[in-house]
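With mmCIF, C-alpha atoms inside, this is query_34.cif:
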data_upload
#
loop_
_atom_site.label_atom_id
_atom_site.label_comp_id
_atom_site.auth_asym_id
_atom_site.auth_seq_id
_atom_site.Cartn_x
_atom_site.Cartn_y
_atom_site.Cartn_z
CA MET U 241 148.34 49.24 50.56
CA HIS U 242 147.25 48.89 54.17
CA ASN U 243 148.84 50.07 57.39
CA LEU U 244 149.83 46.89 59.26
CA LYS U 245 149.81 48.47 62.69
CA GLU U 246 146.13 49.34 62.19
CA LEU U 247 145.11 45.83 61.08
CA LYS U 248 143.57 44.04 64.08
CA ILE U 249 143.94 40.71 62.33
CA TRP U 250 147.70 41.19 61.94
CA ASN U 251 148.09 42.18 65.60
CA LYS U 252 146.05 39.16 66.74
CA ALA U 253 148.17 36.89 64.54
CA ILE U 254 151.37 38.36 66.03
CA ASP U 255 150.06 37.68 69.56
CA LEU U 256 149.15 34.12 68.55
CA THR U 257 152.64 33.56 67.16
CA VAL U 258 154.29 34.77 70.36
CA ASP U 259 152.04 32.46 72.39
CA VAL U 260 152.90 29.50 70.16
CA TYR U 261 156.61 30.19 70.64
CA LYS U 262 156.10 30.25 74.40
CA ALA U 263 153.97 27.09 74.34
CA THR U 264 156.53 25.14 72.33
CA ALA U 265 159.55 26.36 74.30
CA ASN U 266 159.36 23.37 76.63
CA PHE U 267 158.84 20.72 73.96
CA PRO U 268 161.49 18.00 74.11
CA SER U 269 164.69 18.64 72.19
CA ASP U 270 164.00 15.66 69.92
CA GLU U 271 160.98 17.62 68.61
CA ARG U 272 163.15 20.62 67.70
CA PHE U 273 162.99 19.72 64.01
CA GLY U 274 159.52 18.19 64.27
CA LEU U 275 156.47 19.66 65.94
CA THR U 276 158.34 22.58 67.50
CA SER U 277 159.67 23.79 64.16
CA GLN U 278 156.48 23.02 62.23
CA SER U 279 154.22 24.73 64.75
CA ARG U 280 156.38 27.82 64.89
CA ARG U 281 156.70 28.06 61.11
CA SER U 282 152.94 27.72 60.67
CA ALA U 283 152.35 30.37 63.32
CA VAL U 284 154.86 32.79 61.77
CA SER U 285 153.32 32.21 58.36
CA ILE U 286 149.97 33.65 59.47
CA PRO U 287 151.01 37.27 60.22
CA SER U 288 153.70 37.09 57.52
CA ASN U 289 151.18 36.36 54.79
CA ILE U 290 148.81 38.99 56.13
CA ALA U 291 151.70 41.47 55.96
CA GLU U 292 152.70 40.44 52.45
CA GLY U 293 149.12 40.75 51.25
CA ALA U 294 148.75 44.15 52.87
CA GLY U 295 151.71 45.35 50.84
CA ARG U 296 150.31 44.18 47.52
CA ASN U 297 148.73 46.42 44.91
CA SER U 298 145.21 45.08 44.82
CA ASN U 299 142.51 43.72 47.09
CA LYS U 300 142.44 40.57 44.97
CA GLU U 301 146.11 39.91 45.76
CA PHE U 302 145.55 40.72 49.43
CA ASN U 303 142.62 38.29 49.49
CA ASN U 304 144.84 35.55 48.10
CA PHE U 305 147.43 36.06 50.84
CA LEU U 306 144.69 36.03 53.48
CA GLY U 307 143.70 32.63 52.11
CA ILE U 308 147.26 31.40 52.50
CA ALA U 309 147.36 32.77 56.06
CA ASN U 310 144.12 30.95 56.80
CA GLY U 311 145.56 27.70 55.47
CA SER U 312 148.53 28.13 57.80
CA SER U 313 146.14 28.62 60.72
CA TYR U 314 144.51 25.27 59.99
CA GLU U 315 147.94 23.68 59.73
CA LEU U 316 148.87 25.15 63.12
CA GLN U 317 145.60 23.95 64.61
CA THR U 318 146.39 20.40 63.50
CA GLN U 319 149.94 20.49 64.85
CA LEU U 320 148.77 21.75 68.24
CA VAL U 321 146.14 19.00 68.52
CA ILE U 322 148.81 16.41 67.70
CA SER U 323 151.09 17.98 70.33
CA ASN U 324 148.30 17.69 72.88
CA LYS U 325 147.65 14.04 72.00
CA LEU U 326 151.37 13.37 72.50
CA ASN U 327 151.12 15.05 75.93
CA LEU U 328 153.45 17.86 74.88
CA LEU U 329 150.77 20.51 75.35
CA SER U 330 148.26 20.71 78.20
CA ASN U 331 144.53 20.77 77.57
CA ASP U 332 144.25 24.29 79.01
CA LEU U 333 147.00 25.66 76.80
CA LEU U 334 145.59 23.89 73.76
CA ASP U 335 142.13 25.35 74.42
CA ASP U 336 143.56 28.86 74.75
CA LEU U 337 145.55 28.58 71.53
CA LEU U 338 142.64 27.05 69.62
CA LYS U 339 140.41 29.94 70.73
CA GLN U 340 142.97 32.41 69.42
CA ILE U 341 143.23 30.51 66.14
CA ASP U 342 139.45 30.41 65.82
CA GLU U 343 139.29 34.17 66.32
CA VAL U 344 141.99 34.78 63.68
CA GLN U 345 140.19 32.44 61.26
CA LYS U 346 136.87 34.26 61.72
CA MET U 347 138.57 37.62 61.24
CA THR U 348 140.30 36.34 58.10
CA PHE U 349 137.07 35.10 56.54
CA ALA U 350 135.29 38.36 57.39
CA PHE U 351 138.14 40.45 55.99
CA GLN U 352 138.20 38.39 52.81
CA ARG U 353 134.47 39.05 52.30
CA THR U 354 135.05 42.76 52.87
CA LEU U 355 137.86 42.86 50.31
CA LEU U 356 135.78 40.98 47.73
CA ASN U 357 132.94 43.49 48.10
CA LYS U 358 135.18 46.52 47.49
#

Can you present the structure in this file as structure tokens?
Amino acid sequence: MHNLKELKIWNKAIDLTVDVYKATANFPSDERFGLTSQSRRSAVSIPSNIAEGAGRNSNKEFNNFLGIANGSSYELQTQLVISNKLNLLSNDLLDDLLKQIDEVQKMTFAFQRTLLNK
């Protein structure tokens, strides 16, 4: 088991999730059950799966949940690009969020390699 508060990847994913919530707060109400909901659920899924994996009994299980978290990050990336193309998200905000996602993805891959080598 791992201490969540000490996992940089979990903290970065939490910050990303908060930023996604803020970024989608001004989406039109007709997107409430569309891109707003999907983007937020994908974002929440990232730290949630990291947390669930951290609480598992083996590094193999943790690695699996990191893979799920990474999949959610790619899902979020796609939803944010679509939001930008629909003019719901500015280029500057998209770039900032994509940089955060890229950082979380790199950390996830690196952490997965570390777990596999233990």

| Picked residues, the PyMOL selection byres ((chain U and resi 342-355) around 8), expected as number ranges by chain | U: 249, 252-253, 299-300, 303, 306-307, 310, 313, 338-341, 356-358

| task | Using all atoms listed in the file, determine which residues lie at most 12 Å from Glu315 of chain U, disregarding the query and same-chain residues fewer than 6 positions distant; provide the list as a list in words. | result | Leu275, Gln278, Ser279, Arg280, Arg281, Ser282, Ala283, Val284, Ser285, Ile286, Ile308, Ala309, Val321, Ile322, Leu338, Ile341 and Gln345 of chain U

| message | One number please: atom CA of Leu328 of chain U to atom CA of Pro268 of chain U, in Å, one decimal. | response |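 Separation between atom CA of Leu328 of chain U and atom CA of Pro268 of chain U: 8.1 Å.
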
| task | Could you state which residues are captured by the PyMOL selection byres ((chain U and resi 293) around 10) in this file, as number ranges by chain? | result | U: 241-242, 287-292, 294-309

| field | Point-to-point distance from atom CA of Leu320 of chain U to atom CA of Leu334 of chain U, Å rounded to tenths | value |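 Rounded to one decimal, the two atoms are 6.7 Å apart.
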
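What separates atom CA of Asn251 of chain U from atom CA of Gly274 of chain U is a distance of 26.6 Å.
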
Produce the centre coordinates and the three edge lengths, each in Å to one decimal, of the box along x, y and z that contains all listed atoms of segment 321-328 of chain U with 6 Å added on each side, as JSON.
{"center_x": 149.8, "center_y": 16.2, "center_z": 71.8, "size_x": 19.3, "size_y": 17.6, "size_z": 20.2}

| message | With the PyMOL selection byres ((chain U and resi 267) around 12) as the selection, what would be picked from this file? Answer as JSON, numbers by chain, please. | response | {"U": [260, 261, 262, 263, 264, 265, 266, 268, 269, 270, 271, 272, 273, 274, 275, 276, 277, 279, 280, 320, 323, 324, 326, 327, 328, 329, 330]}

Write a file for segment 267-344 of chain U of the given structure; include C-alpha atoms and format it as a PDB file, in the first residue's frame.
ATOM      1  CA  PHE U 267     -19.882  25.427 -20.729  1.00  0.00           C
ATOM      2  CA  PRO U 268     -23.444  25.919 -21.971  1.00  0.00           C
ATOM      3  CA  SER U 269     -26.186  24.242 -19.967  1.00  0.00           C
ATOM      4  CA  ASP U 270     -27.107  22.055 -22.945  1.00  0.00           C
ATOM      5  CA  GLU U 271     -23.671  20.419 -22.551  1.00  0.00           C
ATOM      6  CA  ARG U 272     -24.349  19.561 -18.897  1.00  0.00           C
ATOM      7  CA  PHE U 273     -24.954  15.913 -19.789  1.00  0.00           C
ATOM      8  CA  GLY U 274     -22.520  15.951 -22.706  1.00  0.00           C
ATOM      9  CA  LEU U 275     -18.992  17.301 -22.758  1.00  0.00           C
ATOM     10  CA  THR U 276     -19.210  18.878 -19.305  1.00  0.00           C
ATOM     11  CA  SER U 277     -20.164  15.605 -17.638  1.00  0.00           C
ATOM     12  CA  GLN U 278     -17.853  13.450 -19.760  1.00  0.00           C
ATOM     13  CA  SER U 279     -14.838  15.700 -19.238  1.00  0.00           C
ATOM     14  CA  ARG U 280     -15.376  15.879 -15.503  1.00  0.00           C
ATOM     15  CA  ARG U 281     -15.909  12.133 -15.161  1.00  0.00           C
ATOM     16  CA  SER U 282     -12.750  11.404 -17.146  1.00  0.00           C
ATOM     17  CA  ALA U 283     -10.800  13.872 -15.040  1.00  0.00           C
ATOM     18  CA  VAL U 284     -12.094  12.433 -11.751  1.00  0.00           C
ATOM     19  CA  SER U 285     -11.301   8.932 -12.977  1.00  0.00           C
ATOM     20  CA  ILE U 286      -7.574   9.704 -13.187  1.00  0.00           C
ATOM     21  CA  PRO U 287      -6.818  10.367  -9.481  1.00  0.00           C
ATOM     22  CA  SER U 288      -9.540   7.914  -8.436  1.00  0.00           C
ATOM     23  CA  ASN U 289      -7.878   5.021 -10.236  1.00  0.00           C
ATOM     24  CA  ILE U 290      -4.469   6.039  -8.935  1.00  0.00           C
ATOM     25  CA  ALA U 291      -5.955   6.002  -5.427  1.00  0.00           C
ATOM     26  CA  GLU U 292      -7.634   2.639  -5.911  1.00  0.00           C
ATOM     27  CA  GLY U 293      -4.423   1.129  -7.243  1.00  0.00           C
ATOM     28  CA  ALA U 294      -2.418   2.559  -4.361  1.00  0.00           C
ATOM     29  CA  GLY U 295      -4.705   0.735  -1.967  1.00  0.00           C
ATOM     30  CA  ARG U 296      -4.295  -2.635  -3.648  1.00  0.00           C
ATOM     31  CA  ASN U 297      -2.140  -5.461  -2.363  1.00  0.00           C
ATOM     32  CA  SER U 298       0.394  -5.786  -5.146  1.00  0.00           C
ATOM     33  CA  ASN U 299       2.397  -3.688  -7.559  1.00  0.00           C
ATOM     34  CA  LYS U 300       0.855  -5.668 -10.414  1.00  0.00           C
ATOM     35  CA  GLU U 301      -2.630  -4.543  -9.351  1.00  0.00           C
ATOM     36  CA  PHE U 302      -1.421  -0.973  -8.871  1.00  0.00           C
ATOM     37  CA  ASN U 303       0.108  -1.047 -12.356  1.00  0.00           C
ATOM     38  CA  ASN U 304      -3.224  -2.131 -13.811  1.00  0.00           C
ATOM     39  CA  PHE U 305      -5.046   0.791 -12.193  1.00  0.00           C
ATOM     40  CA  LEU U 306      -2.368   3.193 -13.437  1.00  0.00           C
ATOM     41  CA  GLY U 307      -3.133   1.902 -16.924  1.00  0.00           C
ATOM     42  CA  ILE U 308      -6.817   2.637 -16.423  1.00  0.00           C
ATOM     43  CA  ALA U 309      -5.964   6.132 -15.152  1.00  0.00           C
ATOM     44  CA  ASN U 310      -3.823   6.679 -18.222  1.00  0.00           C
ATOM     45  CA  GLY U 311      -6.679   5.617 -20.487  1.00  0.00           C
ATOM     46  CA  SER U 312      -8.909   8.163 -18.770  1.00  0.00           C
ATOM     47  CA  SER U 313      -6.289  10.851 -19.391  1.00  0.00           C
ATOM     48  CA  TYR U 314      -6.406  10.136 -23.122  1.00  0.00           C
ATOM     49  CA  GLU U 315     -10.195  10.229 -23.001  1.00  0.00           C
ATOM     50  CA  LEU U 316     -10.046  13.617 -21.261  1.00  0.00           C
ATOM     51  CA  GLN U 317      -7.528  14.890 -23.803  1.00  0.00           C
ATOM     52  CA  THR U 318      -9.924  14.005 -26.620  1.00  0.00           C
ATOM     53  CA  GLN U 319     -12.911  15.640 -24.946  1.00  0.00           C
ATOM     54  CA  LEU U 320     -10.999  18.858 -24.338  1.00  0.00           C
ATOM     55  CA  VAL U 321      -9.853  19.046 -27.969  1.00  0.00           C
ATOM     56  CA  ILE U 322     -13.462  18.560 -29.090  1.00  0.00           C
ATOM     57  CA  SER U 323     -14.544  21.294 -26.656  1.00  0.00           C
ATOM     58  CA  ASN U 324     -11.955  23.616 -28.165  1.00  0.00           C
ATOM     59  CA  LYS U 325     -13.082  22.853 -31.718  1.00  0.00           C
ATOM     60  CA  LEU U 326     -16.653  23.687 -30.649  1.00  0.00           C
ATOM     61  CA  ASN U 327     -15.358  27.009 -29.247  1.00  0.00           C
ATOM     62  CA  LEU U 328     -16.274  26.032 -25.695  1.00  0.00           C
ATOM     63  CA  LEU U 329     -12.665  26.157 -24.529  1.00  0.00           C
ATOM     64  CA  SER U 330     -10.076  28.786 -25.464  1.00  0.00           C
ATOM     65  CA  ASN U 331      -6.780  27.844 -27.086  1.00  0.00           C
ATOM     66  CA  ASP U 332      -4.830  29.093 -24.063  1.00  0.00           C
ATOM     67  CA  LEU U 333      -6.879  27.063 -21.610  1.00  0.00           C
ATOM     68  CA  LEU U 334      -6.693  23.997 -23.836  1.00  0.00           C
ATOM     69  CA  ASP U 335      -2.900  24.310 -24.075  1.00  0.00           C
ATOM     70  CA  ASP U 336      -2.577  24.601 -20.299  1.00  0.00           C
ATOM     71  CA  LEU U 337      -4.777  21.572 -19.660  1.00  0.00           C
ATOM     72  CA  LEU U 338      -3.042  19.497 -22.344  1.00  0.00           C
ATOM     73  CA  LYS U 339       0.336  20.286 -20.759  1.00  0.00           C
ATOM     74  CA  GLN U 340      -0.966  19.083 -17.407  1.00  0.00           C
ATOM     75  CA  ILE U 341      -2.354  15.925 -18.991  1.00  0.00           C
ATOM     76  CA  ASP U 342       0.936  15.295 -20.773  1.00  0.00           C
ATOM     77  CA  GLU U 343       2.804  15.618 -17.483  1.00  0.00           C
ATOM     78  CA  VAL U 344       0.432  13.183 -15.739  1.00  0.00           C
TER      79      VAL U 344
END
